[in-house]
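Participant: What follows is final-v2.cif; its format and atoms are mmCIF, C-alpha atoms and all ligand atoms.
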data_entry
#
loop_
_atom_site.label_atom_id
_atom_site.label_comp_id
_atom_site.auth_asym_id
_atom_site.auth_seq_id
_atom_site.Cartn_x
_atom_site.Cartn_y
_atom_site.Cartn_z
CA MET I 872 0.00 0.00 0.00
CA CYS I 873 3.03 2.25 0.29
CA LEU I 874 3.82 1.40 -3.32
CA ALA I 875 5.02 4.43 -5.26
CA ILE I 876 5.97 4.69 -8.92
CA PRO I 877 8.45 7.03 -10.61
CA ALA I 878 7.12 9.36 -13.30
CA LYS I 879 8.48 12.31 -15.29
CA ILE I 880 6.81 15.72 -15.07
CA VAL I 881 5.64 16.77 -18.55
CA SER I 882 3.65 19.90 -17.74
CA ILE I 883 2.46 21.77 -14.66
CA ASP I 884 -0.75 23.69 -14.14
CA GLY I 885 -0.97 25.01 -10.59
CA VAL I 886 -0.92 21.97 -8.28
CA ILE I 887 -1.79 19.56 -11.07
CA ALA I 888 0.83 18.00 -13.31
CA LYS I 889 0.78 15.81 -16.36
CA VAL I 890 3.34 13.03 -16.00
CA ASP I 891 4.81 10.33 -18.15
CA MET I 892 4.63 7.16 -16.13
CA MET I 893 6.85 4.99 -18.29
CA GLY I 894 4.96 5.72 -21.47
CA ASN I 895 1.51 6.30 -19.98
CA GLU I 896 0.19 9.78 -19.47
CA ARG I 897 -1.32 10.49 -16.06
CA ILE I 898 -2.60 13.49 -14.18
CA ILE I 899 -1.29 13.77 -10.65
CA SER I 900 -1.25 16.28 -7.82
CA ILE I 901 2.01 18.02 -6.90
CA ASP I 902 0.70 19.66 -3.70
CA LEU I 903 3.31 17.82 -1.65
CA VAL I 904 6.33 18.74 -3.82
CA PRO I 905 5.80 22.44 -4.59
CA GLU I 906 9.44 22.80 -5.67
CA VAL I 907 9.21 20.34 -8.57
CA ARG I 908 10.09 21.44 -12.14
CA ILE I 909 9.17 20.17 -15.58
CA GLY I 910 11.48 17.36 -16.67
CA GLU I 911 12.17 16.09 -13.15
CA TYR I 912 11.20 12.65 -11.92
CA VAL I 913 8.81 12.31 -9.00
CA LEU I 914 7.59 9.36 -7.01
CA VAL I 915 3.82 8.95 -7.30
CA HIS I 916 1.72 7.38 -4.55
CA ALA I 917 -2.09 7.33 -4.67
CA GLY I 918 -2.25 10.10 -7.28
CA PHE I 919 0.18 12.43 -5.47
CA ALA I 920 3.86 13.09 -6.05
CA ILE I 921 5.37 12.42 -2.62
CA GLY I 922 9.01 13.16 -3.42
CA VAL I 923 11.34 14.33 -6.13
CA VAL I 924 13.71 11.66 -7.37
CA ASP I 925 17.33 12.71 -7.06
CA ASP I 926 18.67 13.09 -10.57
CA GLN I 927 22.21 11.90 -9.96
CA SER I 928 21.38 8.77 -8.03
CA ALA I 929 18.42 8.11 -10.32
CA LYS I 930 20.77 7.96 -13.30
CA GLU I 931 22.98 5.54 -11.44
CA THR I 932 19.98 3.31 -10.94
CA GLU I 933 18.02 4.01 -14.10
CA GLU I 934 17.65 0.34 -14.88
CA LEU I 935 16.05 -0.14 -11.49
CA LEU I 936 13.53 2.60 -12.13
CA LEU I 937 12.64 1.00 -15.43
CA GLU I 938 12.20 -2.34 -13.75
CA VAL I 939 9.88 -0.76 -11.21
CA ALA I 940 7.82 0.53 -14.11
CA ASP I 941 7.73 -2.93 -15.68
CA ALA I 942 6.64 -4.47 -12.41
CA TYR I 943 3.92 -1.86 -12.13
CA ALA I 944 2.71 -2.51 -15.68
CA GLU I 945 2.53 -6.23 -14.85
CA GLY I 946 0.60 -5.53 -11.67
CA GLU I 947 -2.06 -3.42 -13.34
CA MET J 229 12.36 5.84 -23.46
CA PRO J 230 15.75 4.07 -23.33
CA MET J 231 15.70 0.29 -23.17
CA PRO J 232 16.69 -1.22 -19.86
CA LYS J 233 20.35 -2.11 -19.78
CA GLU J 234 20.76 -5.82 -20.34
CA SER J 235 19.43 -7.73 -17.39
CA ASN J 236 22.90 -9.30 -17.38
CA ASP J 237 24.11 -6.21 -15.57
CA VAL J 238 21.45 -6.66 -12.94
CA LEU J 239 22.26 -10.35 -12.54
CA ALA J 240 25.96 -9.64 -12.28
CA LYS J 241 25.33 -7.03 -9.60
CA ALA J 242 23.01 -9.40 -7.71
CA GLY J 243 25.75 -12.04 -7.87
CA GLU J 244 28.27 -9.61 -6.39
CA TYR J 245 25.94 -8.70 -3.53
CA LEU J 246 25.21 -12.37 -2.81
CA GLU J 247 28.92 -13.19 -2.67
CA GLU J 248 29.43 -10.34 -0.24
CA ILE J 249 26.46 -11.48 1.86
CA LYS J 250 27.88 -15.02 2.02
CA ARG J 251 31.25 -13.67 3.07
CA LEU J 252 29.78 -11.49 5.81
CA ALA J 253 27.15 -13.90 7.13
CA SER J 254 29.20 -16.66 8.68
CA GLU J 255 27.17 -16.14 11.88
CA PRO J 256 23.33 -16.15 11.89
CA PHE J 257 21.70 -12.80 11.19
CA THR J 258 17.96 -12.12 11.37
CA ILE J 259 16.47 -9.13 9.59
CA MET J 260 12.90 -7.90 9.80
CA GLU J 261 11.45 -6.23 6.74
CA VAL J 262 9.04 -3.75 8.27
CA CYS J 263 7.16 -2.82 5.10
CA GLY J 264 4.59 -4.94 3.26
CA THR J 265 5.86 -3.73 -0.10
CA HIS J 266 9.22 -5.25 0.86
CA THR J 267 7.51 -8.49 1.87
CA VAL J 268 5.98 -8.71 -1.60
CA ALA J 269 9.27 -7.87 -3.35
CA ILE J 270 11.14 -10.48 -1.28
CA ALA J 271 8.53 -13.18 -2.00
CA LYS J 272 8.23 -12.30 -5.68
CA ASN J 273 11.98 -12.45 -6.25
CA ALA J 274 12.29 -15.57 -4.06
CA LEU J 275 15.07 -13.83 -2.12
CA ARG J 276 14.60 -16.12 0.88
CA ASP J 277 15.63 -19.02 -1.33
CA ILE J 278 18.81 -17.46 -2.66
CA LEU J 279 20.15 -16.05 0.60
CA PRO J 280 22.52 -18.21 2.64
CA PRO J 281 20.73 -20.09 5.46
CA THR J 282 22.42 -17.90 8.08
CA VAL J 283 20.45 -14.85 6.85
CA ARG J 284 16.84 -15.01 7.95
CA LEU J 285 14.25 -12.51 6.74
CA ILE J 286 11.07 -12.16 8.75
CA SER J 287 8.08 -9.97 7.94
CA GLY J 288 6.85 -7.20 10.19
CA PRO J 289 3.78 -5.06 10.76
CA GLY J 290 4.04 -2.90 7.63
CA CYS J 291 0.75 -3.62 5.91
CA PRO J 292 -1.72 -0.92 6.93
CA VAL J 293 -4.73 -3.02 5.98
CA CYS J 294 -3.48 -5.99 8.00
CA VAL J 295 -2.87 -3.98 11.17
CA THR J 296 -6.34 -2.41 11.10
CA ASP J 297 -8.09 -3.70 14.19
CA SER J 298 -11.34 -5.73 13.97
CA SER J 299 -13.07 -2.99 15.97
CA ASP J 300 -12.13 -0.37 13.38
CA ILE J 301 -13.35 -2.63 10.58
CA ASP J 302 -16.73 -3.13 12.28
CA ARG J 303 -16.87 0.60 12.84
CA TYR J 304 -16.45 1.50 9.17
CA LEU J 305 -18.88 -1.25 8.17
CA TYR J 306 -21.42 0.36 10.51
CA LEU J 307 -20.76 3.71 8.85
CA ALA J 308 -20.97 2.28 5.32
CA ALA J 309 -24.40 0.83 6.13
CA GLN J 310 -25.88 4.24 7.03
CA PRO J 311 -28.57 5.55 4.67
CA ASN J 312 -27.54 8.04 1.98
CA MET J 313 -23.87 7.12 2.38
CA ILE J 314 -21.25 6.64 -0.32
CA THR J 315 -18.21 4.87 1.11
CA VAL J 316 -15.02 5.49 -0.79
CA THR J 317 -11.95 3.37 -0.22
CA PHE J 318 -8.71 2.04 -1.63
CA GLY J 319 -9.26 -1.38 -3.20
CA ASP J 320 -7.44 -3.40 -0.57
CA MET J 321 -10.12 -2.78 2.06
CA ILE J 322 -13.04 -4.23 0.12
CA ARG J 323 -12.62 -7.86 1.14
CA VAL J 324 -11.22 -7.48 4.64
CA PRO J 325 -13.51 -9.45 6.95
CA GLY J 326 -15.12 -7.72 9.90
CA SER J 327 -16.71 -9.83 12.62
CA LYS J 328 -19.82 -10.46 10.49
CA LYS J 329 -19.22 -9.33 6.93
CA ASN J 330 -17.01 -7.21 4.69
CA LEU J 331 -17.52 -4.17 2.44
CA GLN J 332 -18.07 -6.39 -0.58
CA ALA J 333 -20.99 -8.13 1.12
CA LEU J 334 -22.44 -4.78 2.19
CA LYS J 335 -22.21 -3.60 -1.39
CA ALA J 336 -24.02 -6.71 -2.59
CA GLU J 337 -26.78 -5.81 -0.12
CA GLY J 338 -27.10 -2.40 -1.76
CA ALA J 339 -24.63 -0.14 0.04
CA ASP J 340 -22.86 2.34 -2.24
CA VAL J 341 -19.18 1.42 -1.94
CA ARG J 342 -16.66 2.76 -4.44
CA VAL J 343 -13.00 2.02 -4.96
CA VAL J 344 -10.71 4.89 -5.89
CA TYR J 345 -7.04 5.30 -6.66
CA SER J 346 -6.64 8.68 -5.02
CA THR J 347 -8.32 11.04 -2.55
CA GLN J 348 -8.80 13.41 -5.49
CA ASP J 349 -11.25 10.87 -6.91
CA ALA J 350 -13.03 10.80 -3.55
CA LEU J 351 -13.44 14.59 -3.55
CA GLU J 352 -14.73 14.38 -7.11
CA ILE J 353 -17.38 11.86 -6.04
CA ALA J 354 -18.46 14.22 -3.24
CA HIS J 355 -18.62 17.09 -5.71
CA LYS J 356 -20.76 15.12 -8.16
CA ASN J 357 -23.15 13.82 -5.49
CA PRO J 358 -24.10 16.90 -3.46
CA ASP J 359 -27.17 15.21 -1.98
CA LYS J 360 -25.18 12.24 -0.63
CA ASP J 361 -22.77 11.86 2.28
CA VAL J 362 -19.35 10.72 1.11
CA VAL J 363 -16.92 9.15 3.55
CA PHE J 364 -13.35 8.19 2.71
CA LEU J 365 -11.78 5.33 4.66
CA GLY J 366 -8.36 6.68 5.60
CA VAL J 367 -6.05 3.73 5.94
CA GLY J 368 -2.31 3.90 5.49
CA PHE J 369 0.99 4.92 7.01
CA GLU J 370 3.03 8.12 6.70
CA THR J 371 3.22 7.68 2.92
CA THR J 372 -0.54 7.97 2.48
CA ALA J 373 -1.45 10.35 5.32
CA PRO J 374 -0.19 13.51 3.53
CA THR J 375 -2.41 12.79 0.52
CA VAL J 376 -5.42 12.46 2.81
CA ALA J 377 -4.41 15.61 4.70
CA ILE J 378 -4.42 17.55 1.42
CA SER J 379 -7.95 16.30 0.66
CA LEU J 380 -9.15 17.54 4.05
CA GLU J 381 -7.58 20.95 3.46
CA ILE J 382 -9.26 21.15 0.05
CA ALA J 383 -12.62 20.11 1.53
CA GLN J 384 -12.31 22.82 4.19
CA ARG J 385 -11.13 25.48 1.73
CA ASP J 386 -13.80 24.74 -0.88
CA GLY J 387 -16.56 24.01 1.63
CA ILE J 388 -17.14 20.44 0.41
CA ASN J 389 -19.36 19.69 3.37
CA ASN J 390 -20.70 16.32 2.27
CA PHE J 391 -17.16 14.87 2.45
CA SER J 392 -15.51 13.36 5.51
CA VAL J 393 -12.65 11.05 6.39
CA LEU J 394 -12.62 8.20 8.88
CA SER J 395 -8.98 8.34 9.88
CA MET J 396 -7.44 4.99 10.78
CA HIS J 397 -3.96 6.16 9.78
CA LYS J 398 -1.00 4.80 11.65
CA VAL J 399 2.61 5.82 12.05
CA VAL J 400 5.57 3.49 12.08
CA PRO J 401 8.05 4.66 14.80
CA PRO J 402 5.91 3.69 17.85
CA VAL J 403 5.39 0.14 16.57
CA LEU J 404 9.13 -0.15 15.91
CA ARG J 405 9.71 0.78 19.54
CA LEU J 406 7.22 -1.89 20.62
CA LEU J 407 9.06 -4.47 18.52
CA ALA J 408 12.44 -3.39 19.86
CA GLU J 409 11.14 -3.80 23.42
CA ASP J 410 9.63 -7.22 22.67
CA GLU J 411 11.85 -9.74 24.45
CA GLN J 412 10.42 -12.59 22.42
CA LEU J 413 11.44 -11.03 19.15
CA ASP J 414 14.78 -12.23 17.95
CA VAL J 415 15.80 -9.70 15.29
CA ASP J 416 19.27 -8.27 14.71
CA ALA J 417 18.48 -5.53 12.20
CA PHE J 418 15.73 -3.89 10.20
CA LEU J 419 15.02 -3.12 6.56
CA ASP J 420 13.29 0.21 7.04
CA PRO J 421 10.41 1.31 4.81
CA GLY J 422 11.62 3.39 1.84
CA HIS J 423 8.48 5.36 1.14
CA VAL J 424 7.54 6.02 4.75
CA CYS J 425 11.06 7.43 5.23
CA ALA J 426 10.79 9.42 1.98
CA ILE J 427 8.21 11.39 3.98
CA ILE J 428 9.46 11.33 7.59
CA GLY J 429 13.20 11.03 6.99
CA THR J 430 15.47 9.01 9.28
CA GLN J 431 15.43 11.09 12.47
CA PRO J 432 12.18 9.57 13.87
CA ILE J 433 13.68 6.06 13.70
CA GLU J 434 17.24 6.86 14.87
CA PHE J 435 16.32 5.61 18.35
CA MET J 436 16.24 2.05 17.01
CA ALA J 437 19.96 2.17 16.31
CA LYS J 438 21.02 4.39 19.19
CA GLU J 439 18.77 3.29 22.06
CA PHE J 440 18.23 -0.33 21.14
CA GLY J 441 21.33 -1.13 19.11
CA LYS J 442 19.25 -2.33 16.17
CA PRO J 443 20.77 -1.09 12.92
CA GLY J 444 18.46 -0.18 10.08
CA VAL J 445 18.75 0.56 6.38
CA VAL J 446 16.09 2.54 4.52
CA THR J 447 15.59 0.35 1.49
CA GLY J 448 14.13 0.54 -2.01
CA PHE J 449 11.85 -2.04 -3.53
CA GLU J 450 13.83 -3.85 -6.21
CA ALA J 451 15.67 -7.12 -5.61
CA LEU J 452 18.98 -5.25 -6.01
CA ASP J 453 17.96 -2.61 -3.49
CA ILE J 454 17.14 -5.28 -0.93
CA LEU J 455 20.35 -7.24 -1.52
CA GLU J 456 22.44 -4.06 -1.24
CA ALA J 457 20.66 -3.15 2.00
CA ILE J 458 21.42 -6.59 3.46
CA VAL J 459 25.10 -6.08 2.58
CA MET J 460 24.98 -2.68 4.32
CA LEU J 461 23.43 -4.19 7.45
CA LEU J 462 25.98 -7.00 7.58
CA ARG J 463 28.82 -4.50 7.15
CA GLN J 464 27.53 -2.58 10.15
CA ARG J 465 27.77 -5.77 12.17
CA GLU J 466 31.27 -6.43 10.88
CA GLU J 467 32.34 -2.91 11.81
CA GLY J 468 30.54 -3.07 15.16
CA ARG J 469 28.27 -0.14 14.31
CA SER J 470 24.58 0.49 14.80
CA ASP J 471 23.29 3.25 12.54
CA ILE J 472 20.30 4.12 10.41
CA GLU J 473 21.60 4.31 6.84
CA ILE J 474 19.89 5.01 3.54
CA GLN J 475 20.23 2.61 0.64
CA TYR J 476 17.28 4.15 -1.26
CA ARG J 477 19.23 7.36 -1.90
CA ARG J 478 17.42 8.23 -5.13
CA VAL J 479 14.24 8.94 -3.18
CA ALA J 480 14.69 8.95 0.59
CA LYS J 481 16.60 11.84 2.12
CA ALA J 482 17.67 12.07 5.75
CA GLU J 483 15.28 14.99 6.24
CA GLY J 484 12.40 13.29 4.37
CA ASN J 485 9.85 15.59 2.75
CA PRO J 486 9.57 18.47 5.26
CA TYR J 487 6.67 20.04 3.40
CA ALA J 488 4.60 16.84 3.56
CA GLN J 489 5.44 16.62 7.28
CA THR J 490 4.02 20.12 7.76
CA VAL J 491 0.82 19.28 5.91
CA VAL J 492 0.31 16.20 8.08
CA LYS J 493 0.87 18.25 11.26
CA ARG J 494 -1.64 20.88 10.14
CA VAL J 495 -4.42 18.32 9.76
CA PHE J 496 -3.62 15.41 12.07
CA GLU J 497 -2.54 14.96 15.66
CA PRO J 498 -1.07 11.87 17.32
CA VAL J 499 -3.63 9.60 19.00
CA ASP J 500 -3.42 6.18 20.62
CA ALA J 501 -4.38 3.48 18.16
CA SER J 502 -5.16 -0.23 18.34
CA TRP J 503 -3.15 -2.50 16.09
CA ARG J 504 -4.32 -5.97 15.22
CA GLY J 505 -2.74 -8.47 17.54
CA MET J 506 -0.66 -5.81 19.25
CA GLY J 507 -3.23 -3.85 21.22
CA LEU J 508 -3.26 -0.14 21.94
CA ILE J 509 0.01 1.58 21.02
CA PRO J 510 0.36 5.11 22.46
CA GLY J 511 0.74 7.87 19.88
CA SER J 512 0.70 5.43 16.97
CA GLY J 513 -2.37 6.78 15.18
CA LEU J 514 -3.28 10.00 13.41
CA GLY J 515 -6.54 11.62 14.47
CA ILE J 516 -8.08 14.59 12.67
CA ARG J 517 -7.57 17.92 14.47
CA GLU J 518 -10.56 19.75 15.88
CA GLU J 519 -10.31 22.52 13.27
CA PHE J 520 -11.27 19.92 10.70
CA GLY J 521 -14.07 18.53 12.90
CA PRO J 522 -16.85 18.93 10.30
CA TRP J 523 -14.85 16.68 7.94
CA ASP J 524 -13.95 14.11 10.60
CA ALA J 525 -16.35 11.16 10.30
CA ILE J 526 -15.89 10.25 13.97
CA ARG J 527 -17.16 13.66 15.11
CA LYS J 528 -19.62 14.20 12.27
CA TYR J 529 -21.50 10.94 12.84
CA SER J 530 -20.70 10.59 16.57
CA LEU J 531 -19.40 7.15 15.74
CA PRO J 532 -19.65 4.57 18.51
CA VAL J 533 -16.57 2.63 19.59
CA PHE J 534 -16.74 -1.09 18.80
CA HIS J 535 -15.11 -3.86 20.80
CA SER J 536 -14.80 -6.68 18.33
CA PRO J 537 -12.97 -9.91 19.01
CA GLU J 538 -10.15 -10.90 16.71
CA THR J 539 -11.03 -13.53 14.12
CA PRO J 540 -10.88 -16.94 15.83
CA GLY J 541 -8.00 -19.11 14.66
CA CYS J 542 -6.35 -16.32 12.70
CA GLN J 543 -2.79 -15.63 13.80
CA CYS J 544 -2.28 -12.36 11.90
CA GLY J 545 -1.19 -10.70 15.14
CA GLU J 546 1.64 -13.21 15.63
CA VAL J 547 2.61 -12.87 11.96
CA LEU J 548 2.66 -9.07 12.21
CA LYS J 549 4.89 -9.20 15.28
CA GLY J 550 7.33 -11.48 13.44
CA ARG J 551 6.77 -14.32 15.92
CA ILE J 552 5.66 -16.86 13.34
CA TYR J 553 5.94 -17.29 9.58
CA PRO J 554 2.53 -17.27 7.82
CA THR J 555 3.05 -20.93 6.92
CA GLN J 556 3.06 -21.74 10.64
CA CYS J 557 -0.59 -20.71 10.97
CA ALA J 558 -2.73 -23.86 11.03
CA LEU J 559 -5.25 -22.29 8.65
CA PHE J 560 -2.67 -21.16 6.05
CA GLY J 561 -3.46 -22.53 2.61
CA LYS J 562 -6.16 -24.78 4.07
CA ARG J 563 -9.13 -22.87 5.42
CA CYS J 564 -7.46 -19.57 4.60
CA THR J 565 -6.53 -18.74 1.00
CA PRO J 566 -6.66 -15.50 -1.03
CA LEU J 567 -9.97 -16.65 -2.51
CA LYS J 568 -11.48 -17.38 0.90
CA PRO J 569 -9.42 -15.30 3.32
CA VAL J 570 -9.96 -15.71 7.06
CA GLY J 571 -7.76 -12.80 8.14
CA PRO J 572 -6.62 -9.49 6.64
CA CYS J 573 -3.04 -10.74 6.19
CA MET J 574 -4.41 -13.05 3.48
CA VAL J 575 -6.63 -10.37 1.89
CA SER J 576 -4.35 -7.44 1.35
CA SER J 577 -2.05 -7.65 -1.66
CA GLU J 578 0.71 -6.67 0.76
CA GLY J 579 -0.25 -8.99 3.56
CA SER J 580 2.46 -11.45 4.53
CA CYS J 581 0.12 -14.45 4.27
CA ALA J 582 -1.02 -13.42 0.77
CA ALA J 583 2.58 -12.81 -0.36
CA TYR J 584 3.74 -16.19 0.97
CA TYR J 585 0.74 -17.92 -0.62
CA ARG J 586 0.96 -16.24 -3.99
CA TYR J 587 4.65 -16.87 -4.52
CA SER J 588 5.01 -20.18 -2.70
CA GLN J 589 4.78 -22.13 -5.97
CA ARG J 590 7.93 -20.42 -7.03
CA SER J 591 9.98 -21.19 -3.98
CA ASP J 592 8.99 -24.86 -4.26
CA ASP J 593 10.47 -25.07 -7.77
S1 LIG P 1 -3.09 -17.68 7.11
FE1 LIG P 1 -5.09 -16.66 7.27
S2 LIG P 1 -5.85 -17.23 9.28
FE2 LIG P 1 -3.67 -17.66 9.28
S3 LIG P 1 -2.67 -15.79 10.06
FE3 LIG P 1 -2.74 -15.59 7.84
S4 LIG P 1 -4.63 -14.49 7.43
FE4 LIG P 1 -4.82 -15.25 9.53
#
So, in terms of structure tokens, how does the structure I just supplied come out?
Facilitator:
Amino acid sequence: MCLAIPAKIVSIDGVIAKVDMMGNERIISIDLVPEVRIGEYVLVHAGFAIGVVDDQSAKETEELLLEVADAYAEGE
Amino acid sequence: MPMPKESNDVLAKAGEYLEEIKRLASEPFTIMEVCGTHTVAIAKNALRDILPPTVRLISGPGCPVCVTDSSDIDRYLYLAAQPNMITVTFGDMIRVPGSKKNLQALKAEGADVRVVYSTQDALEIAHKNPDKDVVFLGVGFETTAPTVAISLEIAQRDGINNFSVLSMHKVVPPVLRLLAEDEQLDVDAFLDPGHVCAIIGTQPIEFMAKEFGKPGVVTGFEALDILEAIVMLLRQREEGRSDIEIQYRRVAKAEGNPYAQTVVKRVFEPVDASWRGMGLIPGSGLGIREEFGPWDAIRKYSLPVFHSPETPGCQCGEVLKGRIYPTQCALFGKRCTPLKPVGPCMVSSEGSCAAYYRYSQRSDD
């Protein structure tokens, strides 16, 4: 239930953002990460971005993020 | 989207971690994975089967559905059966058995029960049904609580007066303390929950390492994350240290998400909460503050307190405390299966019993 999925911010309109969740477009709330910018990765839980993914360490573990996305796609 | 690097890389890395674990684990080492999402990842990747026998992984109380007390379940079933009510919930709660029935059965009898993905959907339902009462069942840990807090702030700001939340939210540090104080629990170290700590940071769980000498590593949810975290825990033992470290660096920061912490504090206050099989744990729940009273289902409907017995024969409580493996419950896989669950640990997708059942085929291979 604490599952959270990485997604990339595509556009921002107030507290609502369009994200690319590994190929799927989703609308999420960014109330909890007001500092987030377009192009950054966030972690999405229950329709809300709960944290910004650190760019440097995300790159180091990009394959892991992609695997998470695959696992999520399987689970849906 | 770039293609994943060859899975060879991942396998090679996993091999390296396993070698290191074997080298470091000459003596027995027992680790509790606190979070249900970890339990699922461990079962799915059959990690218990590939670790050396000296490294034991046991599951903890980190499934918010599973730790919801029978009395709370009967209480929300009572609420869901009220006339003119739309009950909105995350999917996991639908089949959890109360002492007589579950939400699914109530729905079959005509109650309006709807599953949503987000509290935004719940607010939308309230907006579209102005002549109905909409109640959201707030279940979850620190990861979920901020999203529910935001919905309460929106409801207050926009005057969505037909919306309320029944808060059964729980927080992790007090139950960790209870586990650390449990003399029957034989655990050397903890895999700490990555997404809970992405919100609260590491400070609220430092006491585990400092006061109780139980090292912890905040861990991500891939097989490689978990293996790396086990290496980190074993290294702490080798170096004679007891610290809270972060493996899940791409997401969890030592300070957590301070803004989300503020939102939670604005809306919720600590309350004592009952956990299945563990009883009342002081300060382990989140109650809605008085300022949000009109949106608090407990105040709004003057909800009675229920005293429901735990499901006879079900050992969820022992499973949640890490005292037994799910397979040691006499009902496991016999009277209790995901299709006909007896207890919540078999219902929730993150329940230990469900995870063991679902992936047991694989570990028998
Ligand atoms: S197997 Fe079923 S009855 Fe036994 S502890 Fe798990 S949920 Fe309860």
Participant: Which residues are near ligand LIG 1 (chain P) - at most 7 Å, using all atoms listed in the file? Format: as a list in words.
Facilitator: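 So, counting all atoms listed in the file, the residues near ligand LIG 1 (chain P) are Gly541, Cys542, Gln543, Cys544, Val547, Pro554, Thr555, Cys557, Ala558, Leu559, Phe560, Gly561, Cys564, Thr565, Pro569, Val570, Gly571, Pro572, Cys573, Met574 and Cys581 of chain J.
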Participant: Listing only residues of chain J within 8 Å of chain I, what is the closest atom pair and its distance in Å (to one decimal) for each, using only C-alpha atoms, sorted by chain and residue number ascending, as a tab-separated table?
Facilitator:
residue	atom	partner	partner_atom	distance
J:Met229	CA	I:Met893	CA	7.6
J:Pro232	CA	I:Glu934	CA	5.3
J:Lys233	CA	I:Glu934	CA	6.1
J:Gly264	CA	I:Met872	CA	7.5
J:Thr265	CA	I:Leu874	CA	6.4
J:Cys291	CA	I:Met872	CA	7.0
J:Pro292	CA	I:Met872	CA	7.2
J:Tyr345	CA	I:Ala917	CA	5.7
J:Ser346	CA	I:Ala917	CA	4.8
J:Thr347	CA	I:Ala917	CA	7.6
J:Gln348	CA	I:Gly918	CA	7.6
J:Gly368	CA	I:Met872	CA	7.1
J:Phe369	CA	I:Cys873	CA	7.5
J:Thr371	CA	I:Cys873	CA	6.0
J:Thr372	CA	I:Cys873	CA	7.1
J:Pro374	CA	I:Leu903	CA	7.6
J:Thr375	CA	I:Phe919	CA	6.5
J:Ile378	CA	I:Asp902	CA	7.5
J:His423	CA	I:Cys873	CA	6.3
J:Val424	CA	I:Cys873	CA	7.4
J:Ala426	CA	I:Gly922	CA	6.8
J:Ile427	CA	I:Ile921	CA	7.3
J:Glu450	CA	I:Leu935	CA	6.8
J:Arg477	CA	I:Ser928	CA	6.6
J:Arg478	CA	I:Asp925	CA	4.9
J:Val479	CA	I:Val924	CA	5.0
J:Asn485	CA	I:Gly922	CA	6.7
J:Tyr487	CA	I:Leu903	CA	6.5
J:Ala488	CA	I:Leu903	CA	5.5
J:Glu578	CA	I:Met872	CA	6.8
Participant: Within 12 Å of I:Arg908, counting all atoms listed in the file, which residues show up once you throw out same-chain ones fewer than 5 positions away? Write them as a PyMOL selection string, please.
Facilitator: chain I and resi 879-886+888-890+901+913+923-924
Participant: By how many Å are atom CA of J:Val343 and atom CA of J:Thr315 apart?
Facilitator: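 The value is 8.5 Å.
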Participant: Using all atoms listed in the file, which of the listed residues (J:Gln556, J:Ser395, J:Asn312, J:Gln431) sits closest to J:Asp471?
Facilitator: J:Gln431
Participant: Between J:Glu370, J:Glu518, J:Asp524, J:Glu466, single out the one closest to J:Glu255, counting all atoms listed in the file.
Facilitator: J:Glu466
Participant: Rounded to one decimal, what separation in Å do you get between atom CA of J:Arg469 and atom CA of J:Ala269?
Facilitator: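 Interatomic distance here is 27.1 Å.
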Participant: Could you please determine the separation between atom CA of J:Glu473 and atom CA of J:Val268 in Å, to one decimal place?
Facilitator: 22.0 Å
Participant: So for stretch 276-283 of chain J, what box centre and size do we get, axis-aligned, 8 Å extra on each of the six sides, every listed atom, Å to one decimal, as lines of an AutoDock Vina configuration file?
Facilitator:
center_x = 18.6
center_y = -17.5
center_z = 2.7
size_x = 23.9
size_y = 21.2
size_z = 26.7
Participant: Near J:Gly545, counting all atoms listed in the file, which residues have an atom at most 12 Å away, once you skip same-chain residues fewer than 3 positions from it, shown as a PyMOL selection string?
Facilitator: chain J and resi 287-289+291+294-298+502-507+538-542+548-554+557+571-573+579-581
Participant: Starting from the point (-15.6, -7.5, 4.3), work out which residues of protein, DNA or RNA have an atom no more than 12 Å away when counting only C-alpha atoms; state them as JSON, numbers by chain.
Facilitator: {"J": [293, 298, 301, 302, 303, 304, 305, 306, 308, 319, 320, 321, 322, 323, 324, 325, 326, 327, 328, 329, 330, 331, 332, 333, 334, 335, 336, 341, 568, 569, 570, 571, 572, 575, 576]}
Participant: For J:Ile259, which residue out of J:Leu285, J:Leu246, J:Val446, J:Ile388 is the nearest one, using only C-alpha atoms?
Facilitator: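 When distances to J:Ile259 are compared using only C-alpha atoms, the smallest one comes from J:Leu285.
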Participant: Between J:Val400, J:Leu351, J:Leu406, J:Val344, which has the minimum distance to J:Gln384 (counting all atoms listed in the file)?
Facilitator: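 Smallest distance to J:Gln384 is found for J:Leu351.
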Participant: Tell me which protein, DNA and RNA residues are within 10 Å of J:Ile516, counting all atoms listed in the file, leaving out same-chain ones fewer than 4 positions away, and put them as a list in words.
Facilitator: Ala377, Leu380, Val393, Leu394, Ser395, Met396, His397, Val492, Lys493, Arg494, Val495, Phe496, Glu497, Pro498, Val499, Phe520, Gly521, Trp523, Asp524, Ala525, Ile526 and Arg527 of chain J
Participant: Kindly extract all protein, DNA and RNA residues lying within 12 Å of the coordinates (19.3, -0.5, 0.8) given in the file, considering all atoms listed in the file, and supply them as JSON, numbers by chain.
Facilitator: {"J": [245, 261, 266, 418, 419, 420, 421, 422, 444, 445, 446, 447, 448, 449, 450, 451, 452, 453, 454, 455, 456, 457, 458, 459, 460, 461, 462, 472, 473, 474, 475, 476, 477, 478, 479, 480]}
Participant: So, counting all atoms listed in the file, which residue among J:Gly513, J:Pro281, J:Pro522, J:Pro566 is closest to J:Gly366?
Facilitator: J:Gly513
